[in-house]
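Please read the structure below before turning to the comments.
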Amino acid sequence: MEYMYKIFYKKPHFFEEEYNKRLTAPNAELINLTIKPYKTKDKYQLYYIPTSKILNLVIDIEKNNSKLLEYTSNLPEVATDSLHKDMIVNELFSTNQIEGVKSSKQEIVNSMKEIMESGLSNINRRMVIFKEKTCTLILRTGLYCINSLIMINIMTAVSY
């Protein structure tokens with residue numbers, strides 16, 4: 001199956017037909033997000049088609065998640081809280097690097113402390129990290145979500 005971005009540029013006359021065909025495929029998973037391609041006014045709903053490769057990755061994630069839960073279940077609550085915070089800091093730092101947002105791990109830690117101390121958020125449900133004009137909102141439902149950012153229906157990360 002050819003990537004849609006290649007069809008968009010190589011065969012623009014065929015793009016709409018192929019897009020609609022894939023969007024209505026029985027195994028297509030529609031995502032409640034739209035994109036607007038560069039230099040166009042058109043908007044397209046996002047979707048993905050779970051391939052066997054993706055499903056195998058999900059299975060691997062589930063296995064690793066089970067192992068992590070097993071390892072952390074015997075830890076004291078203080079240790080698991082510290083682990084969660086470290087994982088969040090590392091994920092945010094990595095995401096910021098990818099997106100070109102200049103921040104240090106210490107700045108992220110300080111933002112987390114401010115949020116926790118001000119009572120703006122319950123760290124186990126929602127965390128808002130402010131860095132200049134960047135706001136990263138992370139919704140998570142546990143350790144699984146921290147390790148599985150790819151699972152868009154379980155964890156949502158939004159930057160604006």
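Simple scheme: letters A, B, ... for chains in structure tokens order, numbers from 1 for residues in each chain, numbers from 1 for ligands in the order shown.
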Pick out the residues sitting within 9 Å of Asp86 in chain A, and hand them over as a compact mmCIF listing (two decimals) with C-alpha atoms, in the first residue's frame; count only C-alpha atoms, and ignore anything fewer than 5 positions along from it in its own chain.
```
# COMPACT_ATOMS: atom_id res chain seq x y z
CA ASP A 81 5.61 8.45 42.39
CA GLU A 91 9.13 12.30 27.98
CA VAL A 109 10.84 19.71 37.20
```
Open item on the list: Using DSSP assignments from the backbone, pull out every residue in range 3-119 of chain A that falls under alpha helix (DSSP H) and give it to me as an MDAnalysis selection string.
Closed with: chainID A and resid 4:10 12:23 52:73 77:99 105:118
Task: Separation of CA of Gln97 in chain A from CA of Lys43 in chain A in Å - done: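 That distance, rounded to one decimal, is 27.8 Å.
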TODO: Give the answer as one residue: which of A:Ile31, A:Leu69, A:Val89, A:Ile61 has the shortest atom-to-atom distance to Lys113 in chain A, using only C-alpha atoms?
DONE: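 Nearest to Lys113 in chain A: A:Val89.
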- [ ] Could you tell me how far CA of Lys10 in chain A lies from CA of Ile98 in chain A, in Å and to one decimal?
- [x] 28.3 Å
